[in-house]
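Worksheet: the structure to be examined is printed underneath.
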Amino acid sequence: MSGHGTGATVRDAIFVVEHVTLRFGGVVSLNDVSLTMERGEILAVIGPNGAGKTSLFNSLTGVYRPQEGTITFVGRDGARLSVIGKKAHRVSAAGVARTFQASRMFSALTAFENVKIGAESHRGIGVAGAMLRGPMTRRDERQSDRRTVELLHFVGLQERANAISSSLSYGDRRRLEIARGLATNPQVLLLDEPAAGTNPTEKRELATLIRKVRDEMGVSILLIEHDMKLVMSLAERLYVLNFGSVIAEGSPEEIRANPAVIDAYLGTTNTASEAS
Amino acid sequence: MRRLTESLRTPTGRRAITSIATMAVVALMTGPSGSATEPTAGPVGSYGERVSIFGLFAGPRWFLFLIFAAIMWGVWTLWLQRGTQLRSAASMALTVPKRGFALKPVRLVFYAALIAVGVVFPHVVTSQYWQSVMVEQIAVFVLLALGLNVVVGFAGLLDLGFVAFYAIGAYATAWVTGSLPTPAPFGVHLNPFFAIPVAIVLVMVAGILLGTPTLRLRGDYLAIVTLGFGEIITIFANNLYGITGGSYGSGGVTGKHGIPHFSINLGPIHYRWTLNPVPYYYLTLVFVIMFIVAFSLLEHSRVGRAWTAIREDEVAAESVGINPLKYKVMAFAIGAASAGFAGVVTAAQTIFIFPATFTLQVSINILALVIFGGMGSIAGVAVGAMVIQTASMYLLHTPPAGYQPADLYMYLGALLMVTMIFRPMGLIPSRRRRREITLAEAGEGHMNEVLTGENP
């Protein structure tokens with residue numbers, strides 16, 4: 001427990017979270033959370049329901065604004081962005097992409113359009129260009145189209161490009177969300193329970209895809225997941241949250257053997273503390 | 001007899017009874033009123049009265065309303081059939097969508113034909129009344145509806161003060177042409193053509209100024225703020241006597257000259273618009289086409305997709321890097337542009353402008369056109385504006401017996417209610433909106449959902 005919190009000194013960190021506390025009125029959602037994510041790793045955050053995992057994600061992406069602490073995103077070029085107080089679209093522009101727990105697509109649009117929106121969001125606004133449809137606009141459109149097709153191939157949805165996104169299966173929706181996130185050209189991808197609602201085959205394919213994203217695109221992965229089998233096989237390192245605090249950190253083997261984690265999951269915190 | 005009662009119990013029969021009953025009520029309401037001593041004399045006596053409609057029909061009143069009932073029954077029946085087709089089409093759309101924006105030859109011919117009809121139209125309808133209605137009430141309101149459609153339909157923002165931009169456009173014209181009590185800018189009195197860029201820039205700036213602080217609000221709150229903005233502009237026009245002429249209108253009591261007509265003085269070409277509505281009709285037609293083309297290109301561009309994304313799920317849109325505030329402000333400014341132009345036309349054509357022209361009622365009327373036509377559908381709002389404006393101007397011009405001008409809103413209200421029940425997506429819905437509503441009814445999608453995430 002004493003090791004983390006000094007993450008700022010890690011040389012190739014991508015996210016450095018220090019002493020972050022997030023409250024909603026009297027409810028403390030994140031309590032003095034510190035963690036470090038390294039570039040290129042697949043890191044998982046686990047914990048029982050209500051432990052604050054999604055709150056952590058929302059804080060990392062600028063949706064929530066923690067009252068205390070610092071969150072630093074370190075870009076590939078070494079540029080540091082202090083996330084707290086930044087709008088979500090600014091954080092996205094810096095290179096942080098995410099998916100949502102209950103997948104949030106633009107449900108009336110096609111899979112293609114969903115990804116294309118991600119691919120073109122960081123270009124300038126260009127109203128005049130859009131109205132006049134000049135050569136620059138057309139070239140931009142072609143580029144975004146090409147990138148969209150590439151990404152749909154990458155996640156294996158090329159056959160479903162013209163399907164309305166809400167007609168896709170759960171597994172395909174997760175893939176689509178990943179493609180949309182990747183379209184923004186991120187350095188880190190935050191996946192919020194990507195395997196929820198998917199069947200075992202889809203889970204295996206998803207794990208393969210997540211590894212492929214990291215290996216082929218060089219995108220670091222931060223993952224929240226309840227499916228222990230998936231997490232343990234995928235993650236290289238884990239943080240365990242309980243009641244808004246980090247209670248453990250380490251490799252899958254270490255976590256599996258950690259008594260505090262077992263207590264948190266089996267709900268025997270009280271008896272354990274009495275016994276010790 | 002028994003067969004008759006049985007056939008009346010079928011859905012078709014019930015629709016027939018409902019249609020006849022509805023039309024009987026309408027006939028009663030529009031008929032002359034009775035007197036205190038003989039309350040039924042008016043309605044009863046009026047049934048034999050001969051009426052004519054567009055000069056096409058002449059006959060007793062009861063027969064006219066029977067025809068109306070038959071039309072209502074027919075439309076209703078067809079509508080239901082089409083409804084089932086549409087519903088299956090909507091579920092089809094979930095698997096076989098179309099994509100992109102391509103100008104197919106068939107469409108090109110169709111558009112060319114539409115424009116040709118538009119060009120020929122004032123030569124077919126030669127009545128002075130209808131010609132001026134085409135400019136003042138139809139073309140201007142089509143422009144206003146197109147503008148509000150960008151705000152309400154594309155970006156999904158409820159604006160109840162849209163008339164403000166119309167007013168700013170009109171007053172800007174009066175100002176630039178030196179027709180307000182306040183001195184004209186640059187000291188010269190310009191032709192209204194020069195007012196077009198000034199008005200459009202001014203309304204866009206007004207849109208940005210209004211939007212930047214207020215578009216952080218959502219839904220109802222935004223509606224109330226915009227409502228207030230509309231009222232503020234009207235009150236300014238009314239009370240800034242020394243600048244706007246107050247309730248006396250642009251001329252004030254200072255005897256200022258009216259707003260001049262458009263004119264062209266380009267080398268050898270000299271042309272001056274006059275009180276004749278036809279040249280104004282062509283001028284606005286050109287601008288209506290320009291706005292339609294510009295807005296459709298915009299709808300199918302990056303900007304239009306970003307608006308759709310924000311409308312459907314603002315949180316997800318922001319997570320892929322779309323700045324919602326920026327795009328919403330842009331929708332306000334772009335939508336305002338066509339309203340500003342509508343203001344220029346109104347000012348130049350009516351010579352004097354009055355604050356009473358720019359009331360809340362106009363804002364609500366424009367919104368009704370957009371909702372009736374189909375939010376987010378350019379063709380829909382244009383056709384919707386034409387239908388409603390023509391109908392209300394017809395009622396004004398050829399009022400049925402006992403019709404009071406204020407009754408108009410009763411009819412419009414009824415029309416809107418019926419539209420919302422039978423066709424909630426509007427007359428000609430946009431493809432995306434239709435899908436959104438179908439999905440929302442099926443409990444899918446994230447429209448208007450507040451971010452909850454995991455329980456902290």
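For the structure tokens, the naming scheme is as follows: chains receive sequential letters (A, B, ...) according to their order of presentation, residues are indexed from 1 within each chain, and ligands are indexed from 1 in presentation order.
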**OP:** Residues of chain A near chain B: apply a cut-off of 8 Å, count only C-alpha atoms, and supply the list as a ChimeraX atom specification.
**Re:** /A:28-29,49-55,61,88-93,97-98,101,104-110,113,117-118,120-122,125-127,130-133,162-164,166-167,180-181,184
Subject >> Residues near Ile200 of chain B, cut-off 12 Å, only C-alpha atoms, skip fewer than 6 positions along chain, as number ranges by chain >> reply: B: 147, 165-173, 193-194, 206-207, 333-344
Based on the selection just made, write N, CA, C and O atoms of those residues as an mmCIF file, in the first residue's frame.
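Final file, out_10.cif:
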data_model
loop_
_atom_site.group_PDB
_atom_site.id
_atom_site.type_symbol
_atom_site.label_atom_id
_atom_site.label_comp_id
_atom_site.auth_asym_id
_atom_site.auth_seq_id
_atom_site.Cartn_x
_atom_site.Cartn_y
_atom_site.Cartn_z
ATOM 1 N N GLY B 147 -34.638 28.523 -40.591
ATOM 2 C CA GLY B 147 -33.659 28.942 -39.590
ATOM 3 C C GLY B 147 -33.898 28.266 -38.258
ATOM 4 O O GLY B 147 -32.980 27.730 -37.641
ATOM 5 N N PHE B 165 -34.482 37.396 -33.606
ATOM 6 C CA PHE B 165 -33.531 37.521 -34.718
ATOM 7 C C PHE B 165 -34.203 38.146 -35.938
ATOM 8 O O PHE B 165 -33.592 38.915 -36.673
ATOM 9 N N TYR B 166 -35.462 37.797 -36.113
ATOM 10 C CA TYR B 166 -36.263 38.388 -37.185
ATOM 11 C C TYR B 166 -36.354 39.905 -36.966
ATOM 12 O O TYR B 166 -36.103 40.708 -37.871
ATOM 13 N N ALA B 167 -36.645 40.292 -35.732
ATOM 14 C CA ALA B 167 -36.764 41.710 -35.396
ATOM 15 C C ALA B 167 -35.436 42.426 -35.591
ATOM 16 O O ALA B 167 -35.385 43.522 -36.168
ATOM 17 N N ILE B 168 -34.350 41.774 -35.146
ATOM 18 C CA ILE B 168 -33.042 42.424 -35.282
ATOM 19 C C ILE B 168 -32.731 42.639 -36.766
ATOM 20 O O ILE B 168 -32.240 43.705 -37.161
ATOM 21 N N GLY B 169 -33.047 41.642 -37.592
ATOM 22 C CA GLY B 169 -32.824 41.793 -39.030
ATOM 23 C C GLY B 169 -33.608 42.956 -39.598
ATOM 24 O O GLY B 169 -33.087 43.771 -40.376
ATOM 25 N N ALA B 170 -34.874 43.077 -39.198
ATOM 26 C CA ALA B 170 -35.721 44.143 -39.726
ATOM 27 C C ALA B 170 -35.233 45.511 -39.250
ATOM 28 O O ALA B 170 -35.103 46.454 -40.039
ATOM 29 N N TYR B 171 -34.941 45.611 -37.951
ATOM 30 C CA TYR B 171 -34.495 46.907 -37.437
ATOM 31 C C TYR B 171 -33.114 47.275 -37.979
ATOM 32 O O TYR B 171 -32.825 48.451 -38.196
ATOM 33 N N ALA B 172 -32.278 46.270 -38.211
ATOM 34 C CA ALA B 172 -30.971 46.560 -38.804
ATOM 35 C C ALA B 172 -31.150 47.171 -40.188
ATOM 36 O O ALA B 172 -30.439 48.102 -40.570
ATOM 37 N N THR B 173 -32.122 46.662 -40.933
ATOM 38 C CA THR B 173 -32.390 47.205 -42.261
ATOM 39 C C THR B 173 -32.838 48.658 -42.168
ATOM 40 O O THR B 173 -32.346 49.534 -42.896
ATOM 41 N N PHE B 193 -30.077 46.144 -50.114
ATOM 42 C CA PHE B 193 -29.158 45.064 -50.456
ATOM 43 C C PHE B 193 -27.948 45.063 -49.520
ATOM 44 O O PHE B 193 -27.457 44.021 -49.122
ATOM 45 N N PHE B 194 -27.515 46.289 -49.157
ATOM 46 C CA PHE B 194 -26.369 46.362 -48.257
ATOM 47 C C PHE B 194 -26.770 46.000 -46.841
ATOM 48 O O PHE B 194 -25.942 45.710 -45.998
ATOM 49 N N ALA B 206 -25.701 38.470 -32.434
ATOM 50 C CA ALA B 206 -26.706 38.375 -31.370
ATOM 51 C C ALA B 206 -26.864 36.920 -30.941
ATOM 52 O O ALA B 206 -26.979 36.626 -29.747
ATOM 53 N N GLY B 207 -26.858 36.005 -31.927
ATOM 54 C CA GLY B 207 -26.974 34.586 -31.607
ATOM 55 C C GLY B 207 -25.818 34.116 -30.749
ATOM 56 O O GLY B 207 -26.002 33.390 -29.772
ATOM 57 N N ALA B 333 -26.290 30.747 -34.262
ATOM 58 C CA ALA B 333 -25.864 31.817 -35.164
ATOM 59 C C ALA B 333 -26.303 31.523 -36.595
ATOM 60 O O ALA B 333 -26.806 32.413 -37.291
ATOM 61 N N ILE B 334 -26.165 30.267 -37.028
ATOM 62 C CA ILE B 334 -26.508 29.933 -38.410
ATOM 63 C C ILE B 334 -28.017 30.005 -38.611
ATOM 64 O O ILE B 334 -28.510 30.531 -39.612
ATOM 65 N N GLY B 335 -28.760 29.476 -37.629
ATOM 66 C CA GLY B 335 -30.213 29.546 -37.724
ATOM 67 C C GLY B 335 -30.681 30.986 -37.768
ATOM 68 O O GLY B 335 -31.606 31.342 -38.516
ATOM 69 N N ALA B 336 -30.025 31.837 -36.984
ATOM 70 C CA ALA B 336 -30.424 33.231 -36.934
ATOM 71 C C ALA B 336 -30.231 33.917 -38.289
ATOM 72 O O ALA B 336 -30.972 34.841 -38.641
ATOM 73 N N ALA B 337 -29.250 33.447 -39.070
ATOM 74 C CA ALA B 337 -28.938 34.126 -40.327
ATOM 75 C C ALA B 337 -30.151 34.210 -41.241
ATOM 76 O O ALA B 337 -30.448 35.276 -41.801
ATOM 77 N N SER B 338 -30.886 33.105 -41.388
ATOM 78 C CA SER B 338 -32.020 33.156 -42.311
ATOM 79 C C SER B 338 -33.132 34.020 -41.740
ATOM 80 O O SER B 338 -33.866 34.683 -42.486
ATOM 81 N N ALA B 339 -33.251 34.033 -40.396
ATOM 82 C CA ALA B 339 -34.249 34.921 -39.782
ATOM 83 C C ALA B 339 -33.871 36.375 -40.029
ATOM 84 O O ALA B 339 -34.734 37.223 -40.294
ATOM 85 N N GLY B 340 -32.588 36.662 -39.958
ATOM 86 C CA GLY B 340 -32.132 38.022 -40.225
ATOM 87 C C GLY B 340 -32.477 38.440 -41.638
ATOM 88 O O GLY B 340 -32.975 39.549 -41.874
ATOM 89 N N PHE B 341 -32.277 37.524 -42.575
ATOM 90 C CA PHE B 341 -32.612 37.859 -43.949
ATOM 91 C C PHE B 341 -34.116 38.061 -44.107
ATOM 92 O O PHE B 341 -34.566 38.983 -44.798
ATOM 93 N N ALA B 342 -34.901 37.209 -43.443
ATOM 94 C CA ALA B 342 -36.356 37.379 -43.481
ATOM 95 C C ALA B 342 -36.731 38.771 -42.976
ATOM 96 O O ALA B 342 -37.630 39.426 -43.520
ATOM 97 N N GLY B 343 -36.015 39.227 -41.950
ATOM 98 C CA GLY B 343 -36.254 40.564 -41.424
ATOM 99 C C GLY B 343 -35.975 41.636 -42.462
ATOM 100 O O GLY B 343 -36.734 42.607 -42.589
ATOM 101 N N VAL B 344 -34.912 41.475 -43.246
ATOM 102 C CA VAL B 344 -34.576 42.455 -44.278
ATOM 103 C C VAL B 344 -35.713 42.554 -45.305
ATOM 104 O O VAL B 344 -36.151 43.652 -45.667
#
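As for atom CA of Val16 of chain A and atom CA of Thr70 of chain A, they are spaced 7.9 Å apart.
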Original post:
Within 8 Å of Phe141 of chain B, counting only C-alpha atoms, which residues qualify if same-chain residues fewer than 6 places away don't, as a VMD selection string?
Top reply: chain B and resid 342 366 385 389
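Distance check against Ser59 of chain A using only C-alpha atoms: of A:Gly156, A:Gly75, A:Gly85, A:Gly40, the minimum falls on A:Gly85.
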**OP:** Enumerate the residues of segment 18-238 of chain A with a DSSP assignment of strand (DSSP E or B), computed from the backbone, and present them as a ChimeraX atom specification.
**Re:** /A:18-24,27-38,42-46,68-74,80-82,96-98,110,164,188-192,220-224,237-238
Subject >> Expected answer as a PyMOL selection string: helix (DSSP H, G or I) residues in segment 364-454 of chain B >> reply: chain B and resi 364-373+378-397+405-422+431-441
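For Glu136 of chain B, the non-local neighbours within 9 Å, defined as residues at least 2 positions apart in the same chain or in other chains and counting only C-alpha atoms, are Gln131, Ser132, Val133, Met134, Ile138, Ala139, Val140, Phe141, Pro277, Tyr281, Val345, Thr346, Gln349 and Thr350 of chain B.
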**OP:** Show which residues sit within 12 Å of Thr359 of chain B, as a list in words. Count only C-alpha atoms, and ignore same-chain residues fewer than 6 positions away.
**Re:** Leu160, Gly161, Phe162, Val163, Ala164, Phe165, Tyr166, Ala167, Leu227, Gly228, Phe229, Gly230, Glu231, Ile232, Ile233, Thr234, Ile235, Ala237, Asn238, Asn365 and Ile366 of chain B
Original post:
Mind pulling up the distance from atom CA of His226 of chain A to atom CA of Ala196 of chain A?
Top reply: 7.9 Å
